[in-house]
Structure formats: structure tokens, C-alpha cells
Amino acid sequence: MADFLISLPALEKNARLLHETGVRSGAKMLLALKAFSTTTAFDTIRPWCDGCCASGLYEARLAARHMGGHIAVFSPAYREEELHELLNIAHHIDFNSLPQWERYREACLAHPRYQNGELQLGLRVNPCYSTGHTAIYDPCVPGSRLGIPPEELCGADLRGISGLHFHTLCEQGSAELIDTFRAFEKHFGHLLASPSMRYLNLGGGHWITKPNYDRSALVQLLQAIRTDYKVEVYLEPGEAWAIHSGVLRATVLDVFPSLGYQHAILDVSASAHMPDVLEMPYRPDVYCLQPGGTGKPAVSLPGEEYSQAGESGVLPYTYRLGAPTCLAGDIIGDYSFPAPLSPGDTIILDDMAHYTIVKTTHFNGVPHPSISLLHADGSRQTVCRLNYADFEHRLG
Ligand SMILES: Cc1ncc(COP(=O)(O)O)c(C=O)c1O
């Protein structure tokens, strides 16, 4: 059966790096649950993390139950009953529009947790500065619904607001953050400088745990913001906590030729289990088991040896890796292998811990991969195995 396999030592390595960056800069490092929410792995992350970023009530509850620490919530719009429960568990609630803020302001300001300082309220703003290349991930595209643009804030009544939040990056470096902060400062610096401001949240999209990320430049920026504006600074990366910590292990179900291609059908679906492969689009690195092989995926099992699949046509046997669904475009990609593939072979899709497990569906009734943790001693613990009853239940 297909399996999302998450390495706890790899998660800890990321978490320690993020923690160290937080300590050096004085900024708080939150885990964005939208990227990774496997709570059975939280014991590994908790010692190194200041809390969670939640996209609404469910993630905030998950944070309160399983992580603890600071809970920062942002949603494009809150339902009334959701907001009332969030008032009891969140530490920051950031609003996406002035009408939402005005609608809930009195309830927020009257709440005992606001009055005793446990809860602070903020606005997400739009610095109107695009650094990305993929429109679907860019909250600064023309017509964006995410964040209040500068002109909408002119003359607004900000009584009760003590924080600002922007999230505009996606898989980017400190240089893009520095440029974005300058754009933010141009539009909103005067607000951040006001004595009522207590925090600035710089969102996610920071590739801090990638080897070539310039962490010193980030630390310098964060220290400067804290000193210049006298606010607490928060970062809420998601991907950076989980990058290179998980794989999706799949099995070849069938191999056949059609219309000039060799097709290999796997027991996993891009659409149902790793939608970023289609949305972004994103081409995962792929490995096969091969004695004496030279490659190694992010997460390997003791006793297994691997070869990395090449681009189409590079190695002797090229296959189009596809899903067992009806969707014609449910294709992972064309990859070449050192030896022919056969039903029963294991295929490893690399870097599949973030934005995968949190996004899966039961489309076409394809069985959901199990979820396992790989411990430091090499032991493998299955923490989730969904079955037919789960498929039937969630469809109503
Ligand atoms: C508001 C907000 N914060 C944090 C994140 C986490 O981003 P990433 O996983 O790219 O670091 C996202 C991702 O979309 C987001 O929308």
C-alpha cells in the first residue's frame, strides 16, 4: 500500500535551524499548519517552535490541542461562531478587510482575553509588491482578495488594532523579503511606527531551511525591524519546517505501451495526493529501488538502495508515470529508469511531506496512502491508515 513516510530526524533538523534563526534574530517562528499538520510528529517540532499559524478555527483548535504556544490566525473572512471560539484560544487574530474588522470589533474589544492582553488584533495588508512568478501563489496580483491595499486604509479607524501582517512570498529567499519589506514600509511604515503597534507578522514563503538561503541577511532584517519599530516580529513558514523530510512511497500497478509512450500506472494520484504537481506545476524527484544504486531520496529505509530516475530519455527505460484515476491529466511526469519497471516495483516520490497530506482527497475512490513516521533508530510507525469506511463517511 502507498505510504507517506515522514522522517522525524529530518523534521528535527529543519526545526532546529528555524529555532536557531529565531533565537539569533529575536523573531518568533510559527509553524503554518496549512502546510503540515501531522500531529503525531509534533513532539519532534514542539521544542523548537513558538507556536502555530492557523487558517481558521479547525487549525487553531489543532494548534491548541497538539502544539501549544502562540496561535496566530488569519482567514480571508471569519464566520461569527468561528470568531467567538477563536477569541478564546487565539493570541493574534488578523483580519483581511475593514468591514470584517468593523463587524467584530466590539466583540473583540469586550473580550476578557483582549482586555488582559492575551489576545491582540491585527490587519493583513497588501504591500502590492509581487516577487513570485506563479500567479496562483501571488497575493499581490491585480485584483487580489488577500490583504488590505494602502488606499483602503486611508482614514480608517484602527482603534484596537495592534498588529500588521503580510504574506506575499512563496519558496523565496531573504532578498525578496527585504525588497517586500521596503515596499511594505513605503505604504504602511507610518502605521507600524505608531505607538499602539505591538507586532508585525511577515507571513510564510521563506525558504529558510534550504541550503542556499541567506539566514544572516534575514536575521539582520528582523533585528532591524525589531529595533526600528519596537514591535515583536513573527514569521510563519510552513514548507520550511517540513521540506526534505518526507516521501510518498508508491507501487507500480501496471506497465503498458500506448501511442508511443510506455505508461506506468502507480497506486497514487497527483490530483488526489499531491495536487501541487498539477497546480504549481511541480516535478518531484523520483527514485526506484536498485541494489548498488547511487541516489538517495530525502527519506530512506535501512537496507534499501536507490537510483534516481532521470529526465525522459536520459536513462534506458522511459515511462510516463500516471495515476489510477479517470482524469486524463493525472500524470506525475515522464521519467527514465536504469531498468524496466514491472508491476509490484516501488517508486519513491521525493519531498512529499508538505502541502500533500493536508490536501489529499478520495477522488475516484483511490485508497488513501497510509502515513508513517520514521524514527531515529530506523523503526517505522504507521500513524494513519484510512479505509473504505473513511471514504464512505466523508462523502455523506
Ligand atoms: C498567510 C500564510 N501564512 C503562511 C503560509 C505558509 O507559507 P509557506 O508554506 O510557503 O512557508 C501561507 C501559505 O500559503 C499563508 O497563506
# chains A, B, ... in the order shown; residues from 1 in each chain; ligands from 1
$ residues_around --residues "Asp214 (chain A)" --least-positions-apart "2" --cutoff "12 Å" --atoms "only C-alpha atoms" --output "ChimeraX atom specification"
/A:21,172-178,206-212,216-221
$ write_last_selection --atoms "N, CA and C atoms" --output "PDB file, in the first residue's frame"
ATOM      1  N   THR A  21      17.468  30.395  13.992  1.00  0.00           N
ATOM      2  CA  THR A  21      17.240  31.680  13.307  1.00  0.00           C
ATOM      3  C   THR A  21      16.357  32.583  14.176  1.00  0.00           C
ATOM      4  N   GLN A 172      10.808  31.549  -1.329  1.00  0.00           N
ATOM      5  CA  GLN A 172      11.731  32.618  -1.715  1.00  0.00           C
ATOM      6  C   GLN A 172      12.793  32.905  -0.660  1.00  0.00           C
ATOM      7  N   GLY A 173      13.753  33.712  -1.067  1.00  0.00           N
ATOM      8  CA  GLY A 173      14.914  33.990  -0.239  1.00  0.00           C
ATOM      9  C   GLY A 173      14.775  35.286   0.538  1.00  0.00           C
ATOM     10  N   SER A 174      15.853  35.613   1.291  1.00  0.00           N
ATOM     11  CA  SER A 174      15.800  36.819   2.126  1.00  0.00           C
ATOM     12  C   SER A 174      15.818  38.085   1.263  1.00  0.00           C
ATOM     13  N   ALA A 175      16.421  38.030   0.082  1.00  0.00           N
ATOM     14  CA  ALA A 175      16.470  39.240  -0.768  1.00  0.00           C
ATOM     15  C   ALA A 175      15.042  39.665  -1.151  1.00  0.00           C
ATOM     16  N   GLU A 176      14.201  38.685  -1.502  1.00  0.00           N
ATOM     17  CA  GLU A 176      12.812  39.010  -1.870  1.00  0.00           C
ATOM     18  C   GLU A 176      12.066  39.565  -0.654  1.00  0.00           C
ATOM     19  N   LEU A 177      12.372  39.026   0.524  1.00  0.00           N
ATOM     20  CA  LEU A 177      11.698  39.540   1.731  1.00  0.00           C
ATOM     21  C   LEU A 177      12.140  40.978   2.005  1.00  0.00           C
ATOM     22  N   ILE A 178      13.427  41.234   1.844  1.00  0.00           N
ATOM     23  CA  ILE A 178      13.938  42.590   2.103  1.00  0.00           C
ATOM     24  C   ILE A 178      13.262  43.581   1.153  1.00  0.00           C
ATOM     25  N   HIS A 206       9.121  31.717   3.273  1.00  0.00           N
ATOM     26  CA  HIS A 206      10.571  31.890   3.472  1.00  0.00           C
ATOM     27  C   HIS A 206      11.218  30.510   3.425  1.00  0.00           C
ATOM     28  N   TRP A 207      12.147  30.334   2.497  1.00  0.00           N
ATOM     29  CA  TRP A 207      12.784  29.023   2.292  1.00  0.00           C
ATOM     30  C   TRP A 207      13.985  28.861   3.214  1.00  0.00           C
ATOM     31  N   ILE A 208      13.776  29.137   4.501  1.00  0.00           N
ATOM     32  CA  ILE A 208      14.881  29.299   5.449  1.00  0.00           C
ATOM     33  C   ILE A 208      15.733  28.044   5.594  1.00  0.00           C
ATOM     34  N   THR A 209      15.145  26.873   5.426  1.00  0.00           N
ATOM     35  CA  THR A 209      15.911  25.641   5.654  1.00  0.00           C
ATOM     36  C   THR A 209      16.539  25.080   4.375  1.00  0.00           C
ATOM     37  N   LYS A 210      16.453  25.819   3.279  1.00  0.00           N
ATOM     38  CA  LYS A 210      17.163  25.417   2.065  1.00  0.00           C
ATOM     39  C   LYS A 210      18.646  25.757   2.241  1.00  0.00           C
ATOM     40  N   PRO A 211      19.552  24.928   1.712  1.00  0.00           N
ATOM     41  CA  PRO A 211      20.980  25.149   1.957  1.00  0.00           C
ATOM     42  C   PRO A 211      21.479  26.528   1.521  1.00  0.00           C
ATOM     43  N   ASN A 212      20.943  27.074   0.430  1.00  0.00           N
ATOM     44  CA  ASN A 212      21.500  28.354  -0.050  1.00  0.00           C
ATOM     45  C   ASN A 212      20.758  29.577   0.485  1.00  0.00           C
ATOM     46  N   SER A 216      21.759  34.913   7.449  1.00  0.00           N
ATOM     47  CA  SER A 216      22.338  36.087   8.126  1.00  0.00           C
ATOM     48  C   SER A 216      21.618  37.358   7.679  1.00  0.00           C
ATOM     49  N   ALA A 217      21.310  37.435   6.378  1.00  0.00           N
ATOM     50  CA  ALA A 217      20.593  38.621   5.887  1.00  0.00           C
ATOM     51  C   ALA A 217      19.205  38.691   6.512  1.00  0.00           C
ATOM     52  N   LEU A 218      18.562  37.539   6.676  1.00  0.00           N
ATOM     53  CA  LEU A 218      17.236  37.525   7.310  1.00  0.00           C
ATOM     54  C   LEU A 218      17.350  38.001   8.756  1.00  0.00           C
ATOM     55  N   VAL A 219      18.330  37.472   9.471  1.00  0.00           N
ATOM     56  CA  VAL A 219      18.499  37.833  10.888  1.00  0.00           C
ATOM     57  C   VAL A 219      18.704  39.345  11.005  1.00  0.00           C
ATOM     58  N   GLN A 220      19.535  39.892  10.126  1.00  0.00           N
ATOM     59  CA  GLN A 220      19.804  41.345  10.158  1.00  0.00           C
ATOM     60  C   GLN A 220      18.522  42.142   9.964  1.00  0.00           C
ATOM     61  N   LEU A 221      17.720  41.720   8.969  1.00  0.00           N
ATOM     62  CA  LEU A 221      16.470  42.437   8.693  1.00  0.00           C
ATOM     63  C   LEU A 221      15.548  42.374   9.909  1.00  0.00           C
TER      64      LEU A 221
END
$ residues_near_ligand --ligand "ligand 1" --cutoff "6 Å" --atoms "only C-alpha atoms and all ligand atoms" --output "list in words"
Ala32, Ala35, His167, Cys170, Glu171, Gly203, Gly204, Gly205, His206, Glu236, Pro237, Gly238, Glu239 and Ala240 of chain A
$ select_by_dssp --residues "region 48-174 of chain A" --states "strand (DSSP E or B)" --output "ChimeraX atom specification"
/A:51-54,70-74,92-95,120-125,148,161-165,172
$ write_last_selection --atoms "N, CA and C atoms" --output "PDB file, in the first residue's frame"
ATOM      1  N   GLY A  51       4.973  28.244  18.192  1.00  0.00           N
ATOM      2  CA  GLY A  51       3.525  28.072  18.094  1.00  0.00           C
ATOM      3  C   GLY A  51       3.125  27.838  16.651  1.00  0.00           C
ATOM      4  N   CYS A  52       1.878  28.166  16.343  1.00  0.00           N
ATOM      5  CA  CYS A  52       1.346  27.829  15.014  1.00  0.00           C
ATOM      6  C   CYS A  52       0.646  29.014  14.374  1.00  0.00           C
ATOM      7  N   CYS A  53       0.626  28.970  13.058  1.00  0.00           N
ATOM      8  CA  CYS A  53      -0.216  29.862  12.268  1.00  0.00           C
ATOM      9  C   CYS A  53      -1.392  29.025  11.801  1.00  0.00           C
ATOM     10  N   ALA A  54      -2.604  29.488  12.072  1.00  0.00           N
ATOM     11  CA  ALA A  54      -3.812  28.739  11.730  1.00  0.00           C
ATOM     12  C   ALA A  54      -4.618  29.525  10.711  1.00  0.00           C
ATOM     13  N   HIS A  70       2.073  29.933  20.933  1.00  0.00           N
ATOM     14  CA  HIS A  70       1.359  31.067  20.346  1.00  0.00           C
ATOM     15  C   HIS A  70       0.472  30.588  19.178  1.00  0.00           C
ATOM     16  N   ILE A  71      -0.732  31.131  19.083  1.00  0.00           N
ATOM     17  CA  ILE A  71      -1.610  30.781  17.946  1.00  0.00           C
ATOM     18  C   ILE A  71      -1.987  32.070  17.221  1.00  0.00           C
ATOM     19  N   ALA A  72      -1.507  32.196  15.975  1.00  0.00           N
ATOM     20  CA  ALA A  72      -1.827  33.365  15.141  1.00  0.00           C
ATOM     21  C   ALA A  72      -2.800  32.898  14.066  1.00  0.00           C
ATOM     22  N   VAL A  73      -3.925  33.581  13.960  1.00  0.00           N
ATOM     23  CA  VAL A  73      -4.937  33.146  12.996  1.00  0.00           C
ATOM     24  C   VAL A  73      -5.148  34.225  11.947  1.00  0.00           C
ATOM     25  N   PHE A  74      -5.179  33.779  10.711  1.00  0.00           N
ATOM     26  CA  PHE A  74      -5.632  34.651   9.634  1.00  0.00           C
ATOM     27  C   PHE A  74      -6.568  33.861   8.746  1.00  0.00           C
ATOM     28  N   HIS A  92      -3.204  35.971  18.320  1.00  0.00           N
ATOM     29  CA  HIS A  92      -3.369  37.036  17.322  1.00  0.00           C
ATOM     30  C   HIS A  92      -4.529  36.633  16.423  1.00  0.00           C
ATOM     31  N   ILE A  93      -5.429  37.547  16.163  1.00  0.00           N
ATOM     32  CA  ILE A  93      -6.424  37.336  15.099  1.00  0.00           C
ATOM     33  C   ILE A  93      -6.226  38.468  14.107  1.00  0.00           C
ATOM     34  N   ASP A  94      -5.907  38.106  12.869  1.00  0.00           N
ATOM     35  CA  ASP A  94      -5.680  39.118  11.832  1.00  0.00           C
ATOM     36  C   ASP A  94      -6.859  39.128  10.871  1.00  0.00           C
ATOM     37  N   PHE A  95      -7.322  40.332  10.560  1.00  0.00           N
ATOM     38  CA  PHE A  95      -8.497  40.496   9.692  1.00  0.00           C
ATOM     39  C   PHE A  95      -8.044  40.920   8.297  1.00  0.00           C
ATOM     40  N   GLN A 120      -4.311  39.769  20.831  1.00  0.00           N
ATOM     41  CA  GLN A 120      -4.087  41.015  20.085  1.00  0.00           C
ATOM     42  C   GLN A 120      -4.707  40.883  18.708  1.00  0.00           C
ATOM     43  N   LEU A 121      -5.029  42.028  18.129  1.00  0.00           N
ATOM     44  CA  LEU A 121      -5.796  42.027  16.881  1.00  0.00           C
ATOM     45  C   LEU A 121      -5.013  42.784  15.815  1.00  0.00           C
ATOM     46  N   GLY A 122      -5.055  42.237  14.602  1.00  0.00           N
ATOM     47  CA  GLY A 122      -4.271  42.863  13.540  1.00  0.00           C
ATOM     48  C   GLY A 122      -4.999  42.876  12.213  1.00  0.00           C
ATOM     49  N   LEU A 123      -4.362  43.520  11.250  1.00  0.00           N
ATOM     50  CA  LEU A 123      -4.898  43.580   9.886  1.00  0.00           C
ATOM     51  C   LEU A 123      -3.874  43.018   8.919  1.00  0.00           C
ATOM     52  N   ARG A 124      -4.356  42.197   7.984  1.00  0.00           N
ATOM     53  CA  ARG A 124      -3.464  41.776   6.904  1.00  0.00           C
ATOM     54  C   ARG A 124      -3.486  42.858   5.833  1.00  0.00           C
ATOM     55  N   VAL A 125      -2.299  43.281   5.439  1.00  0.00           N
ATOM     56  CA  VAL A 125      -2.218  44.328   4.417  1.00  0.00           C
ATOM     57  C   VAL A 125      -1.555  43.766   3.167  1.00  0.00           C
ATOM     58  N   ILE A 148      -5.303  44.115   2.825  1.00  0.00           N
ATOM     59  CA  ILE A 148      -5.916  45.430   2.547  1.00  0.00           C
ATOM     60  C   ILE A 148      -4.895  46.306   1.827  1.00  0.00           C
ATOM     61  N   ILE A 161      -6.492  47.929  17.013  1.00  0.00           N
ATOM     62  CA  ILE A 161      -5.535  47.181  16.171  1.00  0.00           C
ATOM     63  C   ILE A 161      -4.116  47.411  16.698  1.00  0.00           C
ATOM     64  N   SER A 162      -3.390  46.294  16.929  1.00  0.00           N
ATOM     65  CA  SER A 162      -2.008  46.461  17.399  1.00  0.00           C
ATOM     66  C   SER A 162      -1.022  45.636  16.570  1.00  0.00           C
ATOM     67  N   GLY A 163      -1.471  45.102  15.430  1.00  0.00           N
ATOM     68  CA  GLY A 163      -0.544  44.320  14.613  1.00  0.00           C
ATOM     69  C   GLY A 163      -0.822  44.474  13.129  1.00  0.00           C
ATOM     70  N   LEU A 164       0.222  44.247  12.343  1.00  0.00           N
ATOM     71  CA  LEU A 164       0.079  44.198  10.886  1.00  0.00           C
ATOM     72  C   LEU A 164       0.673  42.883  10.394  1.00  0.00           C
ATOM     73  N   HIS A 165       0.114  42.399   9.307  1.00  0.00           N
ATOM     74  CA  HIS A 165       0.502  41.091   8.782  1.00  0.00           C
ATOM     75  C   HIS A 165       0.573  41.214   7.271  1.00  0.00           C
ATOM     76  N   GLN A 172      10.808  31.549  -1.329  1.00  0.00           N
ATOM     77  CA  GLN A 172      11.731  32.618  -1.715  1.00  0.00           C
ATOM     78  C   GLN A 172      12.793  32.905  -0.660  1.00  0.00           C
TER      79      GLN A 172
END
$ residues_around --residues "Glu185 (chain A)" --least-positions-apart "4" --cutoff "12 Å" --atoms "only C-alpha atoms" --output "PyMOL selection string"
chain A and resi 125-129+150+164+166+177-181+189-193+200+225+228-229
$ write_last_selection --atoms "N, CA and C atoms" --output "mmCIF file, in the first residue's frame"
data_model
loop_
_atom_site.group_PDB
_atom_site.id
_atom_site.type_symbol
_atom_site.label_atom_id
_atom_site.label_comp_id
_atom_site.auth_asym_id
_atom_site.auth_seq_id
_atom_site.Cartn_x
_atom_site.Cartn_y
_atom_site.Cartn_z
ATOM 1 N N VAL A 125 -2.299 43.281 5.439
ATOM 2 C CA VAL A 125 -2.218 44.328 4.417
ATOM 3 C C VAL A 125 -1.555 43.766 3.167
ATOM 4 N N ASN A 126 -1.771 44.480 2.079
ATOM 5 C CA ASN A 126 -1.210 44.063 0.791
ATOM 6 C C ASN A 126 -0.157 45.089 0.371
ATOM 7 N N PRO A 127 1.130 44.710 0.425
ATOM 8 C CA PRO A 127 2.176 45.672 0.047
ATOM 9 C C PRO A 127 2.230 45.944 -1.450
ATOM 10 N N CYS A 128 1.379 45.230 -2.213
ATOM 11 C CA CYS A 128 1.301 45.459 -3.666
ATOM 12 C C CYS A 128 2.675 45.337 -4.311
ATOM 13 N N TYR A 129 3.396 44.301 -3.952
ATOM 14 C CA TYR A 129 4.745 44.115 -4.486
ATOM 15 C C TYR A 129 4.944 42.634 -4.782
ATOM 16 N N PRO A 150 -3.057 49.753 0.371
ATOM 17 C CA PRO A 150 -2.807 51.005 1.107
ATOM 18 C C PRO A 150 -3.962 51.992 1.038
ATOM 19 N N LEU A 164 0.222 44.247 12.343
ATOM 20 C CA LEU A 164 0.079 44.198 10.886
ATOM 21 C C LEU A 164 0.673 42.883 10.394
ATOM 22 N N PHE A 166 1.656 40.687 6.682
ATOM 23 C CA PHE A 166 1.600 40.491 5.231
ATOM 24 C C PHE A 166 2.187 39.136 4.893
ATOM 25 N N LEU A 177 12.372 39.026 0.524
ATOM 26 C CA LEU A 177 11.698 39.540 1.731
ATOM 27 C C LEU A 177 12.140 40.978 2.005
ATOM 28 N N ILE A 178 13.427 41.234 1.844
ATOM 29 C CA ILE A 178 13.938 42.590 2.103
ATOM 30 C C ILE A 178 13.262 43.581 1.153
ATOM 31 N N ASP A 179 13.180 43.223 -0.124
ATOM 32 C CA ASP A 179 12.525 44.108 -1.104
ATOM 33 C C ASP A 179 11.056 44.316 -0.738
ATOM 34 N N THR A 180 10.411 43.228 -0.325
ATOM 35 C CA THR A 180 8.983 43.333 0.013
ATOM 36 C C THR A 180 8.797 44.194 1.263
ATOM 37 N N PHE A 181 9.704 44.028 2.224
ATOM 38 C CA PHE A 181 9.577 44.845 3.430
ATOM 39 C C PHE A 181 9.728 46.330 3.092
ATOM 40 N N GLY A 189 4.650 51.935 6.709
ATOM 41 C CA GLY A 189 5.651 52.194 7.751
ATOM 42 C C GLY A 189 5.128 53.149 8.816
ATOM 43 N N HIS A 190 4.360 54.159 8.375
ATOM 44 C CA HIS A 190 3.858 55.141 9.346
ATOM 45 C C HIS A 190 2.904 54.479 10.341
ATOM 46 N N LEU A 191 2.163 53.460 9.875
ATOM 47 C CA LEU A 191 1.246 52.763 10.802
ATOM 48 C C LEU A 191 2.039 51.896 11.770
ATOM 49 N N LEU A 192 3.060 51.182 11.225
ATOM 50 C CA LEU A 192 3.853 50.299 12.074
ATOM 51 C C LEU A 192 4.572 51.121 13.152
ATOM 52 N N ALA A 193 4.906 52.359 12.810
ATOM 53 C CA ALA A 193 5.642 53.207 13.758
ATOM 54 C C ALA A 193 4.740 53.774 14.848
ATOM 55 N N LEU A 200 4.481 42.680 14.096
ATOM 56 C CA LEU A 200 4.451 42.584 12.640
ATOM 57 C C LEU A 200 4.641 41.115 12.301
ATOM 58 N N ILE A 225 14.096 45.484 12.125
ATOM 59 C CA ILE A 225 12.661 45.811 12.272
ATOM 60 C C ILE A 225 12.323 45.927 13.761
ATOM 61 N N ASP A 228 13.971 49.229 15.035
ATOM 62 C CA ASP A 228 13.451 50.481 14.461
ATOM 63 C C ASP A 228 12.002 50.725 14.865
ATOM 64 N N TYR A 229 11.211 49.644 14.897
ATOM 65 C CA TYR A 229 9.764 49.843 15.117
ATOM 66 C C TYR A 229 9.295 49.404 16.494
#
$ select_by_dssp --residues "region 98-188 of chain A" --states "alpha helix (DSSP H)" --output "VMD selection string"
chain A and resid 98 to 110 112 to 115 150 to 153 174 to 188
$ residues_around --residues "region 303-310 of chain A" --least-positions-apart "3" --cutoff "9 Å" --atoms "only C-alpha atoms" --output "list of chain:residue names"
A:Asp285, A:Val286, A:Tyr287, A:Cys288, A:Leu289, A:Gln290, A:Pro291, A:Gly292, A:Gly293, A:Thr294, A:Gly295, A:Lys296, A:Pro297, A:Ser300, A:Gly313, A:Val314, A:Leu315, A:Thr318, A:Asp334, A:Tyr335, A:Ser336, A:Phe337, A:Pro338
